[in-house]
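Trainee: Input: one structure, supplied below.
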Amino acid sequence: MEDRLAARLAELRAQRGWSLDDLADRSGISRSTLSRVERGEISPTASLLGKLCTVYERPMSRLLTEVEAEGAQVVRASAQSVWTDEDSGFVRRSVSPPHPALRAEVVEGTLRPGADIRYDAPSVPGLEQHVWVLEGTLELTVEGETHALGPGDCLRFRLWGPTRFRCSGPEAARYLLVLVMP
């Protein structure tokens with residue numbers, strides 16, 4: 001999947017006719033890092049992917065689905081793709097991946113204790129999100145307002161600005177994220 005992701009990122013840039021310098025200017029990511037990501041020399045972090053998804057105007061889950069095979073109606077647990085960002089301590093399982101004919105998808109996220117991920121802007125302005133905490137404590141900041149969420153708590157919102165996901169407790173935070181395209 002890493003090789004397909006690298007190729008897809010290079011393809012998205014080429015489709016827009018952008019040079020690596022153009023993409024670096026738009027994303028705030030160095031040209032050398034972008035080059036290494038597109039060549040598959042390094043695996044992108046969640047933060048880096050978030051910035052690229054914003055530039056390319058697509059949710060991370062949609063980008064990751066674009067590099068996977070066409071999904072079936074039933075997504076067996078064994079077939080759900082899992083992506084791990086070791087640097088940030090984020091594990092992402094695509095429970096119900098995006099589909100061209102559907103507007104919603106379900107993602108399971110797990111953050112290790114102390115993990116802190118910031119996204120400068122939404123990949124798709126107005127994206128509807130529902131975050132339901134299953135285990136642990138999740139501190140979620142949406143456009144400057146911080147919410148402390150525990151097991152069973154759900155926060156729902158339309159996203160127009162920056163977000164921050166932080167595992168503030170002593171144990172991992174596991175949550176479901178439902179994304180609904182505007």
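Please note that chains go A, B, ... in the order of the structure tokens, that every chain numbers its residues from 1, and that ligands are numbered from 1 in the order shown.
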Could you list, as number ranges by chain, every residue within 8 Å of Val95 (chain A), counting only C-alpha atoms and ignoring same-chain residues fewer than 4 positions away?
Mentor: A: 75, 77, 80-81, 105-108
Trainee: List as a list in words the protein and nucleic acid residues near Arg164 (chain A), meaning an atom at most 7 Å away when only C-alpha atoms are counted, but skip any in the same chain fewer than 3 places from it.
Mentor: Ile117, Arg118, Tyr119, Leu140, Thr141 and Val142 of chain A
Trainee: Within 12 Å of Pro97 (chain A), counting only C-alpha atoms, which residues show up once you throw out same-chain ones fewer than 4 positions away? Write them as a PyMOL selection string, please.
Mentor: chain A and resi 59-77+79-82+92-93+101-108+177-180
Trainee: Considering only C-alpha atoms, return as a list in words whatever protein or nucleic-acid residues lie within 6 Å of Thr45 (chain A), sequence-local ones (same chain, fewer than 2 positions apart) excluded.
Mentor: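 Everything that qualifies: Ser47, Leu48 and Asp85 of chain A.
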Trainee: Would you pick out the contacts of Arg166 (chain A) at 6 Å or less, using only C-alpha atoms, so that residues sharing its chain but fewer than 2 positions from it are not included, and give the list as a PyMOL selection string?
Mentor: chain A and resi 115-116+138-139+168
Trainee: DSSP says strand (DSSP E or B) for which residues of region 42-171 of chain A? Put them as a PyMOL selection string?
Mentor: chain A and resi 82-85+90-96+104-111+116-119+127-135+138-142+145-149+154-159+163-167
Trainee: With N, CA and C atoms retained, could you export that selection as a short mmCIF file (atom, residue, chain, number, x, y, z; two decimals), in the first residue's frame?
Mentor:
data_model
loop_
_atom_site.label_atom_id
_atom_site.label_comp_id
_atom_site.auth_asym_id
_atom_site.auth_seq_id
_atom_site.Cartn_x
_atom_site.Cartn_y
_atom_site.Cartn_z
N VAL A 82 -5.47 -1.07 7.54
CA VAL A 82 -4.96 -0.41 8.74
C VAL A 82 -3.70 0.35 8.34
N TRP A 83 -3.64 1.60 8.74
CA TRP A 83 -2.48 2.45 8.47
C TRP A 83 -1.95 2.94 9.80
N THR A 84 -0.64 2.86 9.99
CA THR A 84 -0.02 3.24 11.25
C THR A 84 1.01 4.33 11.02
N ASP A 85 0.94 5.35 11.85
CA ASP A 85 1.95 6.41 11.87
C ASP A 85 2.71 6.24 13.18
N PHE A 90 -0.43 7.04 16.02
CA PHE A 90 -1.79 6.99 15.49
C PHE A 90 -1.96 5.74 14.64
N VAL A 91 -3.03 4.98 14.92
CA VAL A 91 -3.39 3.82 14.12
C VAL A 91 -4.79 4.07 13.57
N ARG A 92 -4.96 3.88 12.27
CA ARG A 92 -6.22 4.20 11.59
C ARG A 92 -6.72 2.97 10.86
N ARG A 93 -7.93 2.51 11.23
CA ARG A 93 -8.56 1.37 10.55
C ARG A 93 -9.74 1.89 9.74
N SER A 94 -9.78 1.54 8.47
CA SER A 94 -10.89 1.95 7.61
C SER A 94 -11.98 0.89 7.74
N VAL A 95 -12.92 1.12 8.66
CA VAL A 95 -13.99 0.16 8.94
C VAL A 95 -14.97 0.08 7.77
N SER A 96 -15.42 1.22 7.30
CA SER A 96 -16.33 1.31 6.16
C SER A 96 -15.76 2.37 5.23
N ALA A 104 -20.92 8.76 3.30
CA ALA A 104 -20.35 8.58 4.64
C ALA A 104 -19.34 7.44 4.67
N GLU A 105 -18.50 7.48 5.68
CA GLU A 105 -17.54 6.40 5.92
C GLU A 105 -17.28 6.35 7.42
N VAL A 106 -16.77 5.20 7.88
CA VAL A 106 -16.48 5.01 9.29
C VAL A 106 -15.01 4.62 9.43
N VAL A 107 -14.33 5.31 10.36
CA VAL A 107 -12.92 5.08 10.63
C VAL A 107 -12.76 4.81 12.12
N GLU A 108 -11.94 3.82 12.47
CA GLU A 108 -11.57 3.61 13.86
C GLU A 108 -10.18 4.19 14.05
N GLY A 109 -10.03 5.04 15.05
CA GLY A 109 -8.73 5.62 15.34
C GLY A 109 -8.27 5.21 16.72
N THR A 110 -6.97 5.00 16.86
CA THR A 110 -6.37 4.72 18.16
C THR A 110 -5.15 5.61 18.31
N LEU A 111 -5.09 6.32 19.43
CA LEU A 111 -3.94 7.16 19.75
C LEU A 111 -3.29 6.62 21.00
N ASP A 116 -0.40 13.34 19.96
CA ASP A 116 -0.95 14.68 19.74
C ASP A 116 -0.84 14.99 18.25
N ILE A 117 -1.98 15.03 17.55
CA ILE A 117 -2.00 15.26 16.11
C ILE A 117 -2.79 16.52 15.82
N ARG A 118 -2.20 17.40 15.03
CA ARG A 118 -2.85 18.65 14.66
C ARG A 118 -3.04 18.70 13.15
N TYR A 119 -4.21 19.18 12.75
CA TYR A 119 -4.51 19.40 11.34
C TYR A 119 -4.81 20.89 11.19
N LEU A 127 -16.91 19.46 6.05
CA LEU A 127 -17.01 18.02 6.26
C LEU A 127 -17.68 17.76 7.61
N GLU A 128 -18.72 16.95 7.61
CA GLU A 128 -19.43 16.60 8.85
C GLU A 128 -18.67 15.45 9.52
N GLN A 129 -18.44 15.58 10.83
CA GLN A 129 -17.74 14.54 11.58
C GLN A 129 -18.49 14.23 12.86
N HIS A 130 -18.48 12.96 13.22
CA HIS A 130 -19.02 12.47 14.49
C HIS A 130 -17.91 11.64 15.11
N VAL A 131 -17.45 12.02 16.29
CA VAL A 131 -16.37 11.30 16.98
C VAL A 131 -16.96 10.67 18.24
N TRP A 132 -16.94 9.33 18.30
CA TRP A 132 -17.50 8.58 19.41
C TRP A 132 -16.36 7.83 20.09
N VAL A 133 -16.08 8.18 21.34
CA VAL A 133 -14.98 7.57 22.07
C VAL A 133 -15.42 6.21 22.62
N LEU A 134 -14.62 5.19 22.33
CA LEU A 134 -14.90 3.83 22.78
C LEU A 134 -14.12 3.49 24.05
N GLU A 135 -12.84 3.90 24.09
CA GLU A 135 -11.98 3.60 25.24
C GLU A 135 -11.02 4.76 25.46
N LEU A 138 -9.99 11.21 25.13
CA LEU A 138 -9.59 11.95 23.93
C LEU A 138 -9.88 13.42 24.15
N GLU A 139 -8.87 14.22 23.95
CA GLU A 139 -9.04 15.67 23.99
C GLU A 139 -9.10 16.13 22.54
N LEU A 140 -10.22 16.67 22.14
CA LEU A 140 -10.43 17.06 20.75
C LEU A 140 -10.70 18.56 20.68
N THR A 141 -9.85 19.26 19.97
CA THR A 141 -10.00 20.70 19.80
C THR A 141 -10.48 20.96 18.38
N VAL A 142 -11.62 21.63 18.27
CA VAL A 142 -12.21 21.96 16.98
C VAL A 142 -12.30 23.48 16.89
N GLU A 145 -11.90 25.38 20.21
CA GLU A 145 -12.67 24.95 21.38
C GLU A 145 -12.30 23.50 21.72
N THR A 146 -11.83 23.28 22.96
CA THR A 146 -11.37 21.97 23.38
C THR A 146 -12.47 21.22 24.12
N HIS A 147 -12.60 19.93 23.78
CA HIS A 147 -13.60 19.06 24.38
C HIS A 147 -12.89 17.84 24.96
N ALA A 148 -13.10 17.55 26.24
CA ALA A 148 -12.56 16.35 26.88
C ALA A 148 -13.62 15.26 26.77
N LEU A 149 -13.29 14.18 26.08
CA LEU A 149 -14.25 13.12 25.82
C LEU A 149 -13.78 11.81 26.45
N CYS A 154 -19.78 11.47 22.58
CA CYS A 154 -19.77 11.71 21.14
C CYS A 154 -19.78 13.21 20.88
N LEU A 155 -18.91 13.65 20.01
CA LEU A 155 -18.87 15.04 19.58
C LEU A 155 -19.17 15.06 18.09
N ARG A 156 -20.09 15.94 17.68
CA ARG A 156 -20.42 16.04 16.25
C ARG A 156 -20.32 17.49 15.82
N PHE A 157 -19.87 17.70 14.59
CA PHE A 157 -19.63 19.06 14.11
C PHE A 157 -19.38 19.06 12.61
N ARG A 158 -19.48 20.23 12.04
CA ARG A 158 -19.02 20.46 10.66
C ARG A 158 -17.69 21.15 10.79
N LEU A 159 -16.75 20.72 10.01
CA LEU A 159 -15.38 21.20 10.15
C LEU A 159 -15.05 22.28 9.12
N THR A 163 -8.05 21.37 13.66
CA THR A 163 -8.42 20.40 14.69
C THR A 163 -7.16 19.84 15.34
N ARG A 164 -7.37 19.31 16.53
CA ARG A 164 -6.28 18.68 17.27
C ARG A 164 -6.85 17.47 17.99
N PHE A 165 -6.24 16.31 17.81
CA PHE A 165 -6.62 15.08 18.50
C PHE A 165 -5.48 14.76 19.45
N ARG A 166 -5.78 14.64 20.76
CA ARG A 166 -4.74 14.37 21.75
C ARG A 166 -5.22 13.32 22.74
N CYS A 167 -4.40 12.32 22.96
CA CYS A 167 -4.70 11.30 23.98
C CYS A 167 -4.14 11.83 25.29
#
Trainee: List the neighbours of region 12-27 of chain A out to 8 Å using only C-alpha atoms; skip same-chain residues closer than 3 positions along the sequence, and give me the result as a PDB file with C-alpha atoms, in the first residue's frame.
Mentor:
ATOM      1  CA  ARG A   8      -1.050   8.284  -6.085  1.00  0.00           C
ATOM      2  CA  LEU A   9       0.427  11.375  -4.418  1.00  0.00           C
ATOM      3  CA  SER A  30       9.688  20.908   2.138  1.00  0.00           C
ATOM      4  CA  ARG A  31      10.388  20.003  -1.477  1.00  0.00           C
ATOM      5  CA  LEU A  34       7.675  15.687  -0.802  1.00  0.00           C
ATOM      6  CA  SER A  35      10.117  14.143  -3.259  1.00  0.00           C
ATOM      7  CA  LYS A  51      -1.635  18.770   4.861  1.00  0.00           C
ATOM      8  CA  LEU A  52      -1.552  17.041   1.472  1.00  0.00           C
ATOM      9  CA  VAL A  55      -4.160  20.808  -0.667  1.00  0.00           C
ATOM     10  CA  TYR A  56      -5.810  18.066  -2.746  1.00  0.00           C
TER      11      TYR A  56
END
Trainee: Could you jot down the CA of Arg58 (chain A) to CA of Pro151 (chain A) separation for me, Å, one decimal place?
Mentor: 28.9 Å
